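Working notes, structure below.
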Amino acid sequence: MDYSFTNDKPIYVQLMDVIKSAIVSGELPLGSKLESVRDLAIKAKVNPNTMQKALSELERLGLVKAERTSGRFITEDESLIQEMKNELAKKEITSFMNKMNALGFDKSQVIKLLGE
């Protein structure tokens with residue numbers, strides 16, 4: 001996972017985004033066990049409390065589940081993963097379209113460009 005942070009949003013939200021991307025891309029397969037909070041924090045070069053907050057939020061969303069004595073695991077809910085993929089795709093498309101609009105292209109011009 002690539003951890004590079006910016007100042008535009010909280011670190012824990014950026015950690016969530018990195019982990020979400022790894023889940024939907026298959027880098028973190030369904031049902032796979034996550035490393036410990038401490039190990040993940042070391043790899044990301046963040047405070048363990050920050051990583052804990054990110055993982056807790058991912059649990060709240062249902063993408064990660066904690067098993068009391070075994071650790072944390074990626075969900076096995078394929079429909080939830082597909083929903084997350086769709087959400088991330090819409091976000092990327094919206095960002096792209098906003099950039100194209102800023103360059104003076106409208107939707108039909110963008111579609112034409114993509115077809116070339």
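By convention in this document, the chains of the structure tokens carry letters A, B, ... by their order, each chain's residues are numbered from 1, and ligands are numbered from 1 in the order they are shown.
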
Close residues, stretch 4-15 of chain A itself excluded, 8 Å, only C-alpha atoms, min 6 positions apart in chain, as a tab-separated table (two decimals) with N, CA, C and O atoms, in the first residue's frame:
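And here is the file that came out, selection.tsv:
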chain	number	residue	atom	x	y	z
A	50	THR	N	-3.83	6.81	15.39
A	50	THR	CA	-4.39	7.27	14.12
A	50	THR	C	-4.82	6.09	13.27
A	50	THR	O	-5.89	6.08	12.67
A	51	MET	N	-3.96	5.06	13.21
A	51	MET	CA	-4.30	3.85	12.46
A	51	MET	C	-5.51	3.17	13.09
A	51	MET	O	-6.41	2.70	12.39
A	53	LYS	N	-7.96	4.55	14.66
A	53	LYS	CA	-9.17	5.31	14.30
A	53	LYS	C	-9.61	4.96	12.88
A	53	LYS	O	-10.80	4.77	12.62
A	54	ALA	N	-8.65	4.88	11.96
A	54	ALA	CA	-8.98	4.53	10.57
A	54	ALA	C	-9.61	3.14	10.50
A	54	ALA	O	-10.64	2.95	9.84

List the neighbours of A:Val24 out to 9 Å using only C-alpha atoms; skip same-chain residues closer than 6 positions along the sequence, and give me the result as number ranges by chain.
A: 81-82, 84-85, 88

A:Leu63 surroundings by only C-alpha atoms, 7 Å radius, close-in-sequence under 5 positions cut, as a PyMOL selection string
chain A and resi 58+74-75

Neighbour list for stretch 30-47 of chain A as a PyMOL selection string, cut-off 8 Å, only C-alpha atoms, skip fewer than 5 positions in-chain:
chain A and resi 3+23+52+71-78

Dump as an mmCIF file, in the first residue's frame, selection limited to C-alpha atoms:
data_model
loop_
_atom_site.group_PDB
_atom_site.id
_atom_site.type_symbol
_atom_site.label_atom_id
_atom_site.label_comp_id
_atom_site.auth_asym_id
_atom_site.auth_seq_id
_atom_site.Cartn_x
_atom_site.Cartn_y
_atom_site.Cartn_z
ATOM 1 C CA TYR A 3 1.025 5.879 1.990
ATOM 2 C CA ILE A 23 -9.576 -3.726 -0.712
ATOM 3 C CA GLN A 52 -6.700 2.525 15.110
ATOM 4 C CA GLY A 71 -7.456 -9.912 14.780
ATOM 5 C CA ARG A 72 -9.035 -7.928 11.969
ATOM 6 C CA PHE A 73 -10.159 -9.278 8.621
ATOM 7 C CA ILE A 74 -11.357 -7.818 5.338
ATOM 8 C CA THR A 75 -15.069 -8.386 4.776
ATOM 9 C CA GLU A 76 -16.189 -11.262 2.583
ATOM 10 C CA ASP A 77 -19.271 -9.308 1.450
ATOM 11 C CA GLU A 78 -18.756 -9.033 -2.315
#

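Between atom CA of A:Glu27 and atom CA of A:Lys91 there is a distance of 20.0 Å.
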
Could you pull out all residues of stretch 10-105 of chain A with a DSSP call of helix (DSSP H, G or I) and give them as a ChimeraX atom specification?
/A:11-25,37-44,48-61,78-102

May I have the selected residues written with C-alpha atoms, as a JSON list (two decimals), in the first residue's frame?
[["chain", "number", "residue", "atom", "x", "y", "z"],
["A", 11, "ILE", "CA", -4.57, 11.50, 8.17],
["A", 12, "TYR", "CA", -7.02, 8.85, 9.39],
["A", 13, "VAL", "CA", -9.34, 9.62, 6.44],
["A", 14, "GLN", "CA", -6.41, 9.31, 4.06],
["A", 15, "LEU", "CA", -5.48, 5.99, 5.68],
["A", 16, "MET", "CA", -9.05, 4.82, 5.15],
["A", 17, "ASP", "CA", -8.84, 5.82, 1.49],
["A", 18, "VAL", "CA", -5.59, 3.85, 1.02],
["A", 19, "ILE", "CA", -7.03, 0.76, 2.68],
["A", 20, "LYS", "CA", -10.35, 1.05, 0.78],
["A", 21, "SER", "CA", -8.43, 1.22, -2.49],
["A", 22, "ALA", "CA", -6.38, -1.82, -1.52],
["A", 23, "ILE", "CA", -9.58, -3.73, -0.71],
["A", 24, "VAL", "CA", -11.47, -2.88, -3.90],
["A", 25, "SER", "CA", -8.41, -3.49, -6.09],
["A", 37, "VAL", "CA", -2.46, -1.95, 14.26],
["A", 38, "ARG", "CA", 1.12, -1.40, 15.36],
["A", 39, "ASP", "CA", 2.61, -3.04, 12.24],
["A", 40, "LEU", "CA", 0.29, -1.12, 9.92],
["A", 41, "ALA", "CA", 1.12, 2.13, 11.74],
["A", 42, "ILE", "CA", 4.85, 1.49, 11.39],
["A", 43, "LYS", "CA", 4.49, 0.85, 7.64],
["A", 44, "ALA", "CA", 2.39, 4.00, 7.19],
["A", 48, "PRO", "CA", -0.92, 3.74, 16.20],
["A", 49, "ASN", "CA", -3.89, 5.72, 17.56],
["A", 50, "THR", "CA", -4.39, 7.27, 14.12],
["A", 51, "MET", "CA", -4.30, 3.85, 12.46],
["A", 52, "GLN", "CA", -6.70, 2.52, 15.11],
["A", 53, "LYS", "CA", -9.17, 5.31, 14.30],
["A", 54, "ALA", "CA", -8.98, 4.53, 10.57],
["A", 55, "LEU", "CA", -9.57, 0.82, 11.17],
["A", 56, "SER", "CA", -12.43, 1.53, 13.57],
["A", 57, "GLU", "CA", -14.12, 3.66, 10.91],
["A", 58, "LEU", "CA", -13.61, 0.91, 8.32],
["A", 59, "GLU", "CA", -15.22, -1.52, 10.78],
["A", 60, "ARG", "CA", -18.15, 0.86, 11.16],
["A", 61, "LEU", "CA", -18.54, 0.84, 7.35],
["A", 78, "GLU", "CA", -18.76, -9.03, -2.32],
["A", 79, "SER", "CA", -21.77, -6.75, -2.78],
["A", 80, "LEU", "CA", -20.35, -4.28, -0.27],
["A", 81, "ILE", "CA", -17.02, -4.31, -2.11],
["A", 82, "GLN", "CA", -18.80, -3.72, -5.43],
["A", 83, "GLU", "CA", -20.72, -0.84, -3.88],
["A", 84, "MET", "CA", -17.42, 0.64, -2.67],
["A", 85, "LYS", "CA", -15.88, 0.21, -6.15],
["A", 86, "ASN", "CA", -18.81, 2.07, -7.67],
["A", 87, "GLU", "CA", -18.52, 4.84, -5.08],
["A", 88, "LEU", "CA", -14.78, 5.25, -5.70],
["A", 89, "ALA", "CA", -15.29, 5.19, -9.48],
["A", 90, "LYS", "CA", -17.96, 7.91, -9.28],
["A", 91, "LYS", "CA", -15.64, 10.01, -7.13],
["A", 92, "GLU", "CA", -12.79, 9.66, -9.66],
["A", 93, "ILE", "CA", -15.07, 10.38, -12.62],
["A", 94, "THR", "CA", -16.47, 13.48, -10.91],
["A", 95, "SER", "CA", -12.95, 14.72, -10.19],
["A", 96, "PHE", "CA", -11.92, 14.08, -13.81],
["A", 97, "MET", "CA", -15.00, 15.84, -15.19],
["A", 98, "ASN", "CA", -14.40, 18.83, -12.92],
["A", 99, "LYS", "CA", -10.84, 19.09, -14.26],
["A", 100, "MET", "CA", -12.07, 18.81, -17.85],
["A", 101, "ASN", "CA", -14.73, 21.47, -17.22],
["A", 102, "ALA", "CA", -12.02, 23.75, -15.80]]

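The two atoms in question, atom CA of A:Leu28 and atom CA of A:Val64, are spaced 10.8 Å apart.
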
For the strand (DSSP E) assignment from backbone DSSP, which residues of chain A qualify? Please present them as a compact mmCIF listing (two decimals) with all heavy atoms, in the first residue's frame.
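out-v2.txt, freshly written:
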# COMPACT_ATOMS: atom_id res chain seq x y z
N VAL A 64 -14.15 -3.89 7.25
CA VAL A 64 -13.23 -4.65 8.10
C VAL A 64 -14.04 -5.18 9.27
O VAL A 64 -14.96 -4.53 9.74
CB VAL A 64 -12.09 -3.72 8.60
CG1 VAL A 64 -11.23 -4.41 9.64
CG2 VAL A 64 -11.24 -3.23 7.44
N LYS A 65 -13.70 -6.39 9.69
CA LYS A 65 -14.39 -6.94 10.87
C LYS A 65 -13.34 -7.42 11.86
O LYS A 65 -12.29 -7.95 11.48
CB LYS A 65 -15.34 -8.06 10.48
CG LYS A 65 -14.68 -9.23 9.79
CD LYS A 65 -15.68 -10.28 9.37
CE LYS A 65 -14.93 -11.37 8.61
NZ LYS A 65 -15.78 -12.41 8.13
N ALA A 66 -13.61 -7.18 13.12
CA ALA A 66 -12.70 -7.60 14.18
C ALA A 66 -13.23 -8.89 14.79
O ALA A 66 -14.42 -9.00 15.09
CB ALA A 66 -12.60 -6.52 15.25
N GLU A 67 -12.33 -9.84 14.93
CA GLU A 67 -12.66 -11.08 15.63
C GLU A 67 -11.86 -11.07 16.92
O GLU A 67 -10.63 -10.99 16.89
CB GLU A 67 -12.36 -12.29 14.76
CG GLU A 67 -13.28 -12.36 13.56
CD GLU A 67 -13.11 -13.62 12.74
OE1 GLU A 67 -12.38 -14.54 13.18
OE2 GLU A 67 -13.70 -13.68 11.66
N GLY A 71 -7.91 -11.10 15.50
CA GLY A 71 -7.46 -9.91 14.78
C GLY A 71 -8.54 -9.36 13.88
O GLY A 71 -9.72 -9.63 14.05
N ARG A 72 -8.10 -8.57 12.91
CA ARG A 72 -9.03 -7.93 11.97
C ARG A 72 -8.92 -8.58 10.60
O ARG A 72 -7.82 -8.91 10.15
CB ARG A 72 -8.71 -6.44 11.84
CG ARG A 72 -9.15 -5.63 13.02
CD ARG A 72 -9.01 -4.15 12.68
NE ARG A 72 -9.61 -3.32 13.69
CZ ARG A 72 -8.97 -2.87 14.76
NH1 ARG A 72 -7.69 -3.14 14.93
NH2 ARG A 72 -9.59 -2.12 15.64
N PHE A 73 -10.08 -8.65 9.93
CA PHE A 73 -10.16 -9.28 8.62
C PHE A 73 -10.94 -8.39 7.66
O PHE A 73 -11.84 -7.66 8.07
CB PHE A 73 -10.86 -10.65 8.73
CG PHE A 73 -10.10 -11.64 9.55
CD1 PHE A 73 -10.19 -11.65 10.93
CD2 PHE A 73 -9.27 -12.55 8.93
CE1 PHE A 73 -9.48 -12.55 11.70
CE2 PHE A 73 -8.54 -13.47 9.68
CZ PHE A 73 -8.65 -13.47 11.07
N ILE A 74 -10.61 -8.50 6.39
CA ILE A 74 -11.36 -7.82 5.34
C ILE A 74 -12.69 -8.54 5.19
O ILE A 74 -12.77 -9.76 5.28
CB ILE A 74 -10.59 -7.87 3.99
CG1 ILE A 74 -9.19 -7.26 4.12
CG2 ILE A 74 -11.38 -7.19 2.88
CD1 ILE A 74 -9.16 -5.84 4.60
